[in-house]
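What follows is the content of final-v9.cif, which has mmCIF, C-alpha atoms and all ligand atoms:
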data_start
loop_
_atom_site.label_atom_id
_atom_site.label_comp_id
_atom_site.auth_asym_id
_atom_site.auth_seq_id
_atom_site.Cartn_x
_atom_site.Cartn_y
_atom_site.Cartn_z
CA MET N 2 0.00 0.00 0.00
CA ASN N 3 1.09 3.61 0.35
CA PRO N 4 4.59 3.92 1.79
CA ILE N 5 4.08 7.47 3.10
CA PRO N 6 2.44 7.46 6.55
CA GLY N 7 -0.63 9.69 6.68
CA TYR N 8 -0.68 10.43 2.94
CA THR N 9 -4.32 9.69 2.12
CA HIS N 10 -4.73 11.29 -1.31
CA GLY N 11 -7.34 9.34 -3.30
CA THR N 12 -8.50 7.20 -0.36
CA PRO N 13 -12.04 7.01 1.07
CA SER N 14 -10.91 8.63 4.35
CA VAL N 15 -10.68 12.00 2.57
CA SER N 16 -13.98 13.85 2.61
CA ARG N 17 -15.43 15.74 -0.34
CA SER N 18 -14.15 19.26 -0.82
CA PRO N 19 -16.76 21.94 -0.09
CA VAL N 20 -15.36 23.73 -3.15
CA SER N 21 -16.80 22.36 -6.41
CA LEU N 22 -14.81 21.77 -9.57
CA THR N 23 -16.89 24.57 -11.12
CA ASP N 24 -15.81 26.96 -8.35
CA PHE N 25 -12.26 25.78 -8.88
CA GLU N 26 -12.48 26.50 -12.62
CA GLN N 27 -13.42 30.08 -11.71
CA MET N 28 -10.53 30.31 -9.24
CA LYS N 29 -8.18 29.14 -12.01
CA ALA N 30 -9.54 31.84 -14.30
CA SER N 31 -9.06 34.44 -11.53
CA VAL N 32 -5.35 33.65 -11.22
CA LEU N 33 -4.88 33.24 -15.01
CA PHE N 34 -4.10 29.54 -14.70
CA GLY N 35 -4.52 27.62 -17.94
CA GLU N 36 -3.34 24.67 -20.01
CA GLU N 37 0.01 26.34 -20.55
CA ASP N 38 0.58 26.31 -16.78
CA VAL N 39 -0.23 22.59 -16.67
CA LYS N 40 2.35 22.06 -19.42
CA PHE N 41 5.05 24.01 -17.56
CA LEU N 42 4.27 22.39 -14.20
CA ARG N 43 4.78 19.01 -15.87
CA MET N 44 8.02 20.26 -17.40
CA SER N 45 9.10 21.16 -13.86
CA HIS N 46 8.16 17.66 -12.68
CA ASP N 47 11.08 16.20 -14.61
CA ILE N 48 13.38 18.64 -12.82
CA VAL N 49 12.03 18.49 -9.27
CA LYS N 50 11.49 14.73 -9.06
CA GLY N 51 15.22 14.15 -8.65
CA ARG N 52 15.71 17.11 -6.34
CA VAL N 53 12.97 16.65 -3.73
CA GLU N 54 15.29 16.19 -0.76
CA ALA N 55 17.44 19.20 -1.70
CA ILE N 56 14.34 21.38 -2.09
CA LEU N 57 13.00 20.17 1.26
CA ASP N 58 16.35 20.98 2.89
CA VAL N 59 15.95 24.60 1.75
CA TRP N 60 12.30 24.87 2.83
CA TYR N 61 12.81 23.14 6.17
CA GLY N 62 15.91 25.29 6.73
CA PHE N 63 13.78 28.38 6.21
CA VAL N 64 11.05 27.26 8.62
CA GLY N 65 13.62 26.03 11.14
CA SER N 66 15.45 29.37 11.11
CA GLN N 67 12.38 31.33 12.22
CA PRO N 68 11.16 30.55 15.76
CA HIS N 69 7.61 31.77 15.07
CA LEU N 70 7.34 29.26 12.18
CA LEU N 71 9.14 26.41 13.95
CA ALA N 72 6.62 26.83 16.80
CA SER N 73 3.98 25.08 14.65
CA PHE N 74 6.20 21.95 14.65
CA SER N 75 7.11 22.20 18.34
CA GLY N 76 5.68 20.94 21.61
CA LYS N 77 2.67 22.88 22.77
CA THR N 78 3.90 23.05 26.35
CA ASP N 79 7.72 22.96 26.15
CA GLY N 80 8.20 24.65 22.77
CA LYS N 81 10.82 22.09 21.68
CA PRO N 82 10.88 20.98 18.00
CA LEU N 83 9.24 17.58 17.57
CA GLY N 84 11.37 15.29 15.41
CA ASP N 85 8.61 12.70 15.26
CA TYR N 86 6.33 15.34 13.77
CA LEU N 87 8.77 17.08 11.41
CA ALA N 88 9.90 13.81 9.78
CA PRO N 89 6.57 12.33 8.58
CA VAL N 90 5.29 15.74 7.51
CA ARG N 91 8.48 16.16 5.47
CA LYS N 92 7.71 12.91 3.61
CA ARG N 93 4.22 14.12 2.72
CA PHE N 94 5.64 17.51 1.77
CA GLY N 95 7.97 15.72 -0.64
CA GLN N 96 5.00 13.94 -2.21
CA TRP N 97 3.25 17.31 -2.45
CA ILE N 98 6.10 18.63 -4.62
CA LEU N 99 5.49 15.72 -7.01
CA ASP N 100 1.68 16.11 -6.91
CA THR N 101 1.87 19.85 -7.55
CA SER N 102 4.15 19.41 -10.54
CA ASN N 103 2.12 16.46 -11.87
CA ALA N 104 -0.83 18.88 -12.07
CA ARG N 105 -3.61 16.30 -12.18
CA TYR N 106 -6.03 18.67 -10.56
CA ASP N 107 -9.13 16.44 -10.51
CA GLN N 108 -11.79 15.76 -7.85
CA ALA N 109 -9.47 13.52 -5.79
CA TRP N 110 -6.83 16.24 -5.82
CA LEU N 111 -9.40 18.90 -4.88
CA ASP N 112 -10.60 16.75 -2.00
CA TYR N 113 -7.04 16.28 -0.74
CA GLN N 114 -6.51 20.03 -0.89
CA HIS N 115 -9.33 20.41 1.59
CA GLU N 116 -7.71 17.74 3.76
CA ILE N 117 -4.39 19.65 3.73
CA GLY N 118 -6.26 22.82 4.77
CA LEU N 119 -7.88 20.97 7.67
CA ARG N 120 -4.47 19.62 8.69
CA HIS N 121 -3.10 23.17 9.03
CA HIS N 122 -6.25 24.29 10.86
CA ARG N 123 -7.27 23.29 14.38
CA VAL N 124 -9.80 20.79 12.95
CA LYS N 125 -7.08 18.27 12.07
CA LYS N 126 -3.64 19.68 12.95
CA ASN N 127 -1.52 17.07 14.81
CA LYS N 128 -4.09 14.29 14.36
CA THR N 129 -2.38 12.44 11.48
CA ASP N 130 0.89 12.04 13.38
CA GLY N 131 -0.45 12.11 16.94
CA ALA N 132 1.78 15.12 17.62
CA PRO N 133 1.56 17.05 20.93
CA SER N 134 1.99 20.37 19.10
CA THR N 135 0.28 23.76 18.84
CA ASP N 136 -3.41 23.82 17.91
CA VAL N 137 -3.35 25.69 14.61
CA VAL N 138 -0.97 27.03 11.94
CA PRO N 139 -1.80 30.76 12.08
CA PHE N 140 -3.27 31.86 8.79
CA ARG N 141 -1.05 34.95 8.66
CA ASN N 142 1.97 32.65 8.17
CA LEU N 143 0.30 30.21 5.82
CA PHE N 144 -0.42 32.71 3.10
CA ALA N 145 2.87 34.60 3.38
CA LEU N 146 4.91 31.43 2.89
CA ILE N 147 3.87 31.28 -0.76
CA PHE N 148 6.64 33.73 -1.60
CA PRO N 149 9.62 31.97 0.02
CA VAL N 150 8.39 28.56 -1.17
CA THR N 151 8.22 29.60 -4.80
CA PHE N 152 11.16 32.04 -4.83
CA THR N 153 13.56 29.47 -3.38
CA LEU N 154 12.32 26.85 -5.87
CA ARG N 155 13.32 29.03 -8.79
CA PRO N 156 17.06 28.23 -8.77
CA PHE N 157 16.18 24.51 -8.93
CA LEU N 158 14.04 25.15 -12.01
CA ALA N 159 17.00 26.89 -13.66
CA GLU N 160 19.71 24.34 -12.86
CA GLN N 161 19.13 21.87 -15.70
CA GLY N 162 19.77 24.07 -18.70
CA HIS N 163 16.22 25.12 -19.64
CA SER N 164 15.86 28.45 -21.46
CA ALA N 165 15.23 31.60 -19.40
CA GLU N 166 11.74 31.78 -20.91
CA ASP N 167 10.88 28.23 -19.86
CA VAL N 168 12.22 28.82 -16.34
CA GLU N 169 10.08 31.95 -16.07
CA LYS N 170 6.99 30.06 -17.22
CA MET N 171 7.60 27.15 -14.84
CA TYR N 172 8.10 29.62 -12.00
CA ALA N 173 4.89 31.50 -12.86
CA ALA N 174 2.94 28.22 -13.00
CA TRP N 175 4.24 27.26 -9.54
CA VAL N 176 3.29 30.66 -8.09
CA LYS N 177 -0.23 30.32 -9.52
CA SER N 178 -0.61 26.75 -8.31
CA CYS N 179 0.52 27.68 -4.78
CA LEU N 180 -1.86 30.66 -4.75
CA LEU N 181 -4.72 28.34 -5.77
CA GLN N 182 -3.80 25.68 -3.23
CA VAL N 183 -3.33 27.98 -0.25
CA THR N 184 -6.63 29.68 -1.15
CA LEU N 185 -8.28 26.23 -1.04
CA TRP N 186 -6.55 25.53 2.29
CA ALA N 187 -8.05 28.77 3.64
CA HIS N 188 -11.55 27.30 3.58
CA PRO N 189 -11.66 26.18 7.24
CA TYR N 190 -10.24 29.56 8.31
CA VAL N 191 -12.93 31.61 6.51
CA LYS N 192 -16.28 32.37 8.13
CA ASP N 193 -19.19 30.22 6.90
CA GLY N 194 -20.63 31.60 3.69
CA ASP N 195 -17.69 33.93 3.03
CA PHE N 196 -15.36 31.67 1.05
C1 LIG N 201 1.76 20.16 6.65
C2 LIG N 201 2.71 22.56 2.58
C3 LIG N 201 2.69 26.70 5.02
C4 LIG N 201 3.12 24.12 9.07
C5 LIG N 201 1.99 20.45 5.33
C6 LIG N 201 1.92 19.50 4.25
C7 LIG N 201 2.19 20.19 3.12
C8 LIG N 201 2.42 21.56 3.46
C9 LIG N 201 2.26 19.62 1.71
C10 LIG N 201 1.61 18.01 4.38
C11 LIG N 201 0.16 17.77 3.99
C12 LIG N 201 -0.23 16.32 4.17
O1 LIG N 201 -0.46 15.90 5.33
O2 LIG N 201 -0.29 15.59 3.15
C13 LIG N 201 2.74 23.90 2.89
C14 LIG N 201 2.85 24.97 1.92
C15 LIG N 201 2.80 26.15 2.60
C16 LIG N 201 2.69 25.80 4.00
C17 LIG N 201 3.00 24.78 0.42
C18 LIG N 201 2.83 27.58 2.12
C19 LIG N 201 2.87 27.95 0.86
C20 LIG N 201 2.91 26.37 6.33
C21 LIG N 201 3.26 27.28 7.39
C22 LIG N 201 3.39 26.54 8.53
C23 LIG N 201 3.11 25.16 8.17
C24 LIG N 201 3.46 28.78 7.27
C25 LIG N 201 3.78 27.03 9.88
C26 LIG N 201 5.00 27.16 10.21
C27 LIG N 201 2.69 22.85 8.77
C28 LIG N 201 2.43 21.84 9.76
C29 LIG N 201 2.02 20.70 9.06
C30 LIG N 201 2.05 21.04 7.66
C31 LIG N 201 2.57 21.99 11.27
C32 LIG N 201 1.57 19.38 9.66
C33 LIG N 201 0.05 19.45 9.83
C34 LIG N 201 -0.52 18.18 10.49
O3 LIG N 201 -0.51 18.12 11.73
O4 LIG N 201 -0.97 17.28 9.76
N1 LIG N 201 2.29 21.68 4.82
N2 LIG N 201 2.64 24.45 4.13
N3 LIG N 201 2.82 25.10 6.84
N4 LIG N 201 2.46 22.34 7.52
FE1 LIG N 201 2.47 23.39 5.84
#

Would you encode the structure as structure tokens?
Ligand code: HEM
Amino acid sequence: MNPIPGYTHGTPSVSRSPVSLTDFEQMKASVLFGEEDVKFLRMSHDIVKGRVEAILDVWYGFVGSQPHLLASFSGKTDGKPLGDYLAPVRKRFGQWILDTSNARYDQAWLDYQHEIGLRHHRVKKNKTDGAPSTDVVPFRNLFALIFPVTFTLRPFLAEQGHSAEDVEKMYAAWVKSCLLQVTLWAHPYVKDGDF
């Protein structure tokens, strides 16, 4: 079965997203996401698939260097980083890099987006790994992280000899995809009826 603990994409344990595929089509139009972005995300897949661990080193290094971010991965009472929490989440984060670049944004993917949102929110944070950590990833950090995540990915997109134009297009597609995903993850944080 699935080798990544807690990665439940495409399984019956993931509930239906409250956001419909029709709503999602409109969100895509709002951020100017189209077939060309799918093409460039998949181009990036060939690059990132061999570099997942190196990319995660950069992203985890960034989170680990900022105490207010590391707090979300630390003990609720003693504030100490939880290795048993960081490690399994890192594995799922690695799979997320592959899923984002694969760009098969169908119903199963949409449903798992909602699951990821719940896992950052107090509804499901800590539950997957049984972690004794803080109750919620504050929304103010969630959204802001889109910039460092995509900006630090850029050098990886450029390291395998693609043209400057292709690198720019892959980068833009990643920014748009992250904007779409974190907007979907915002659902549990937004007041009923306001999403
Ligand atoms: C979990 C991505 C922002 C803290 C995850 C997972 C992914 C992810 C892919 C694993 C989902 C799964 O279980 O399959 C991202 C991205 C972000 C972002 C792309 C911004 C663009 C943040 C921020 C924090 C944070 C700002 C706070 C420092 C966490 C925590 C978990 C998690 C604590 C584990 C949640 C749980 O208990 O299941 N994130 N994240 N994330 N992320 Fe984020």

query: N:Leu57, N:Ala72, N:Ala132, N:Ala187: which is nearest Leu119 in chain N, counting all atoms listed in the file?
result: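 When distances to Leu119 in chain N are compared using all atoms listed in the file, the smallest one comes from N:Ala187.
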
Provide an axis-aligned box for all listed atoms of ligand LIG 201 (chain N), padding each side by 4 Å; report its centre and its edge lengths in Å to one decimal, as JSON.
{"center_x": 2.0, "center_y": 22.2, "center_z": 6.1, "size_x": 14.0, "size_y": 21.2, "size_z": 19.3}

Report as CSV: every residue of chain N with an atom at most 6 Å from ligand LIG 201 (chain N), its closest pair of atoms, and their distance in Å to one decimal, counting only C-alpha atoms and all ligand atoms, with rows sorted by chain and ascending residue number.
residue,atom,partner,partner_atom,distance
N:Tyr8,CA,N:LIG201,O2,5.2
N:Leu70,CA,N:LIG201,C26,3.7
N:Leu71,CA,N:LIG201,C26,5.6
N:Ser73,CA,N:LIG201,C31,4.8
N:Phe74,CA,N:LIG201,C31,5.0
N:Val90,CA,N:LIG201,C10,5.3
N:Arg93,CA,N:LIG201,O2,4.8
N:Phe94,CA,N:LIG201,C9,4.0
N:Trp97,CA,N:LIG201,C9,4.9
N:Ile117,CA,N:LIG201,C11,4.9
N:Arg120,CA,N:LIG201,O4,4.3
N:His121,CA,N:LIG201,C33,4.9
N:Lys126,CA,N:LIG201,O3,3.7
N:Asn127,CA,N:LIG201,O3,3.4
N:Lys128,CA,N:LIG201,O3,5.9
N:Thr129,CA,N:LIG201,O4,5.3
N:Val138,CA,N:LIG201,C25,5.2
N:Asn142,CA,N:LIG201,C24,4.2
N:Leu143,CA,N:LIG201,C24,3.8
N:Leu146,CA,N:LIG201,C18,4.4
N:Ile147,CA,N:LIG201,C19,3.8
N:Val150,CA,N:LIG201,C19,5.9

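Here CA of Asp85 in chain N stands at a distance of 20.6 Å from CA of Glu116 in chain N.
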
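Residues with any atom within 12 Å of Thr184 in chain N, counting all atoms listed in the file and excluding same-chain neighbours fewer than 5 positions away, are Val20, Asp24, Phe25, Met28, Lys29, Ser31, Val32, Leu111, Gln114, His115, Ile117, Gly118, Phe140, Leu143, Phe144, Ala145, Ile147, Lys177, Ser178, Cys179, Pro189, Tyr190, Val191 and Phe196 of chain N.
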
Incomplete range 80-115 of chain N filled out to N, CA and C atoms as a PDB file, keeping the file's coordinate frame:
ATOM      1  N   GLY N  80       7.663  23.871  23.885  1.00  0.00           N
ATOM      2  CA  GLY N  80       8.200  24.650  22.770  1.00  0.00           C
ATOM      3  C   GLY N  80       9.382  24.011  22.056  1.00  0.00           C
ATOM      4  N   LYS N  81       9.663  22.746  22.328  1.00  0.00           N
ATOM      5  CA  LYS N  81      10.820  22.090  21.680  1.00  0.00           C
ATOM      6  C   LYS N  81      10.394  21.442  20.358  1.00  0.00           C
ATOM      7  N   PRO N  82      11.219  21.594  19.293  1.00  0.00           N
ATOM      8  CA  PRO N  82      10.880  20.980  18.000  1.00  0.00           C
ATOM      9  C   PRO N  82      10.647  19.477  18.140  1.00  0.00           C
ATOM     10  N   LEU N  83       9.630  18.989  17.461  1.00  0.00           N
ATOM     11  CA  LEU N  83       9.240  17.580  17.570  1.00  0.00           C
ATOM     12  C   LEU N  83       9.736  16.807  16.339  1.00  0.00           C
ATOM     13  N   GLY N  84      10.816  16.065  16.521  1.00  0.00           N
ATOM     14  CA  GLY N  84      11.370  15.290  15.410  1.00  0.00           C
ATOM     15  C   GLY N  84      10.386  14.293  14.825  1.00  0.00           C
ATOM     16  N   ASP N  85       9.580  13.696  15.716  1.00  0.00           N
ATOM     17  CA  ASP N  85       8.610  12.700  15.260  1.00  0.00           C
ATOM     18  C   ASP N  85       7.438  13.314  14.510  1.00  0.00           C
ATOM     19  N   TYR N  86       7.374  14.611  14.505  1.00  0.00           N
ATOM     20  CA  TYR N  86       6.330  15.340  13.770  1.00  0.00           C
ATOM     21  C   TYR N  86       6.924  15.866  12.459  1.00  0.00           C
ATOM     22  N   LEU N  87       8.106  16.500  12.588  1.00  0.00           N
ATOM     23  CA  LEU N  87       8.770  17.080  11.410  1.00  0.00           C
ATOM     24  C   LEU N  87       9.034  16.013  10.338  1.00  0.00           C
ATOM     25  N   ALA N  88       9.457  14.823  10.757  1.00  0.00           N
ATOM     26  CA  ALA N  88       9.900  13.810   9.780  1.00  0.00           C
ATOM     27  C   ALA N  88       8.766  13.274   8.899  1.00  0.00           C
ATOM     28  N   PRO N  89       7.632  12.833   9.467  1.00  0.00           N
ATOM     29  CA  PRO N  89       6.570  12.330   8.580  1.00  0.00           C
ATOM     30  C   PRO N  89       5.933  13.432   7.735  1.00  0.00           C
ATOM     31  N   VAL N  90       5.848  14.642   8.297  1.00  0.00           N
ATOM     32  CA  VAL N  90       5.290  15.740   7.510  1.00  0.00           C
ATOM     33  C   VAL N  90       6.212  16.031   6.320  1.00  0.00           C
ATOM     34  N   ARG N  91       7.512  15.927   6.559  1.00  0.00           N
ATOM     35  CA  ARG N  91       8.480  16.160   5.470  1.00  0.00           C
ATOM     36  C   ARG N  91       8.260  15.156   4.326  1.00  0.00           C
ATOM     37  N   LYS N  92       7.973  13.913   4.668  1.00  0.00           N
ATOM     38  CA  LYS N  92       7.710  12.910   3.610  1.00  0.00           C
ATOM     39  C   LYS N  92       6.490  13.297   2.780  1.00  0.00           C
ATOM     40  N   ARG N  93       5.441  13.740   3.467  1.00  0.00           N
ATOM     41  CA  ARG N  93       4.220  14.120   2.720  1.00  0.00           C
ATOM     42  C   ARG N  93       4.459  15.409   1.929  1.00  0.00           C
ATOM     43  N   PHE N  94       5.293  16.289   2.484  1.00  0.00           N
ATOM     44  CA  PHE N  94       5.640  17.510   1.770  1.00  0.00           C
ATOM     45  C   PHE N  94       6.389  17.160   0.472  1.00  0.00           C
ATOM     46  N   GLY N  95       7.250  16.171   0.561  1.00  0.00           N
ATOM     47  CA  GLY N  95       7.970  15.720  -0.640  1.00  0.00           C
ATOM     48  C   GLY N  95       6.999  15.216  -1.704  1.00  0.00           C
ATOM     49  N   GLN N  96       6.008  14.437  -1.267  1.00  0.00           N
ATOM     50  CA  GLN N  96       5.000  13.940  -2.210  1.00  0.00           C
ATOM     51  C   GLN N  96       4.205  15.101  -2.805  1.00  0.00           C
ATOM     52  N   TRP N  97       3.986  16.126  -1.974  1.00  0.00           N
ATOM     53  CA  TRP N  97       3.250  17.310  -2.450  1.00  0.00           C
ATOM     54  C   TRP N  97       3.993  18.000  -3.607  1.00  0.00           C
ATOM     55  N   ILE N  98       5.318  18.028  -3.524  1.00  0.00           N
ATOM     56  CA  ILE N  98       6.100  18.630  -4.620  1.00  0.00           C
ATOM     57  C   ILE N  98       5.799  17.877  -5.920  1.00  0.00           C
ATOM     58  N   LEU N  99       5.768  16.541  -5.818  1.00  0.00           N
ATOM     59  CA  LEU N  99       5.490  15.720  -7.010  1.00  0.00           C
ATOM     60  C   LEU N  99       4.049  15.915  -7.476  1.00  0.00           C
ATOM     61  N   ASP N 100       3.097  15.952  -6.542  1.00  0.00           N
ATOM     62  CA  ASP N 100       1.680  16.110  -6.910  1.00  0.00           C
ATOM     63  C   ASP N 100       1.424  17.479  -7.552  1.00  0.00           C
ATOM     64  N   THR N 101       2.068  18.506  -6.998  1.00  0.00           N
ATOM     65  CA  THR N 101       1.870  19.850  -7.550  1.00  0.00           C
ATOM     66  C   THR N 101       2.393  19.921  -8.982  1.00  0.00           C
ATOM     67  N   SER N 102       3.561  19.323  -9.203  1.00  0.00           N
ATOM     68  CA  SER N 102       4.150  19.410 -10.540  1.00  0.00           C
ATOM     69  C   SER N 102       3.487  18.433 -11.527  1.00  0.00           C
ATOM     70  N   ASN N 103       2.876  17.371 -11.011  1.00  0.00           N
ATOM     71  CA  ASN N 103       2.120  16.460 -11.870  1.00  0.00           C
ATOM     72  C   ASN N 103       0.873  17.125 -12.442  1.00  0.00           C
ATOM     73  N   ALA N 104       0.300  18.032 -11.644  1.00  0.00           N
ATOM     74  CA  ALA N 104      -0.830  18.880 -12.070  1.00  0.00           C
ATOM     75  C   ALA N 104      -2.024  18.070 -12.575  1.00  0.00           C
ATOM     76  N   ARG N 105      -2.347  16.992 -11.885  1.00  0.00           N
ATOM     77  CA  ARG N 105      -3.610  16.300 -12.180  1.00  0.00           C
ATOM     78  C   ARG N 105      -4.644  16.805 -11.185  1.00  0.00           C
ATOM     79  N   TYR N 106      -5.188  17.962 -11.512  1.00  0.00           N
ATOM     80  CA  TYR N 106      -6.030  18.670 -10.560  1.00  0.00           C
ATOM     81  C   TYR N 106      -7.503  18.257 -10.730  1.00  0.00           C
ATOM     82  N   ASP N 107      -7.789  17.006 -10.380  1.00  0.00           N
ATOM     83  CA  ASP N 107      -9.130  16.440 -10.510  1.00  0.00           C
ATOM     84  C   ASP N 107      -9.852  16.449  -9.158  1.00  0.00           C
ATOM     85  N   GLN N 108     -10.999  15.761  -9.088  1.00  0.00           N
ATOM     86  CA  GLN N 108     -11.790  15.760  -7.850  1.00  0.00           C
ATOM     87  C   GLN N 108     -10.985  15.198  -6.658  1.00  0.00           C
ATOM     88  N   ALA N 109     -10.244  14.121  -6.888  1.00  0.00           N
ATOM     89  CA  ALA N 109      -9.470  13.520  -5.790  1.00  0.00           C
ATOM     90  C   ALA N 109      -8.424  14.515  -5.278  1.00  0.00           C
ATOM     91  N   TRP N 110      -7.827  15.234  -6.196  1.00  0.00           N
ATOM     92  CA  TRP N 110      -6.830  16.240  -5.820  1.00  0.00           C
ATOM     93  C   TRP N 110      -7.499  17.372  -5.031  1.00  0.00           C
ATOM     94  N   LEU N 111      -8.668  17.815  -5.545  1.00  0.00           N
ATOM     95  CA  LEU N 111      -9.400  18.900  -4.880  1.00  0.00           C
ATOM     96  C   LEU N 111      -9.776  18.492  -3.458  1.00  0.00           C
ATOM     97  N   ASP N 112     -10.234  17.256  -3.319  1.00  0.00           N
ATOM     98  CA  ASP N 112     -10.600  16.750  -2.000  1.00  0.00           C
ATOM     99  C   ASP N 112      -9.383  16.734  -1.066  1.00  0.00           C
ATOM    100  N   TYR N 113      -8.235  16.318  -1.608  1.00  0.00           N
ATOM    101  CA  TYR N 113      -7.040  16.280  -0.740  1.00  0.00           C
ATOM    102  C   TYR N 113      -6.566  17.685  -0.376  1.00  0.00           C
ATOM    103  N   GLN N 114      -6.836  18.645  -1.245  1.00  0.00           N
ATOM    104  CA  GLN N 114      -6.510  20.030  -0.890  1.00  0.00           C
ATOM    105  C   GLN N 114      -7.273  20.449   0.357  1.00  0.00           C
ATOM    106  N   HIS N 115      -8.534  20.067   0.403  1.00  0.00           N
ATOM    107  CA  HIS N 115      -9.330  20.410   1.590  1.00  0.00           C
ATOM    108  C   HIS N 115      -8.745  19.731   2.830  1.00  0.00           C
TER     109      HIS N 115
END
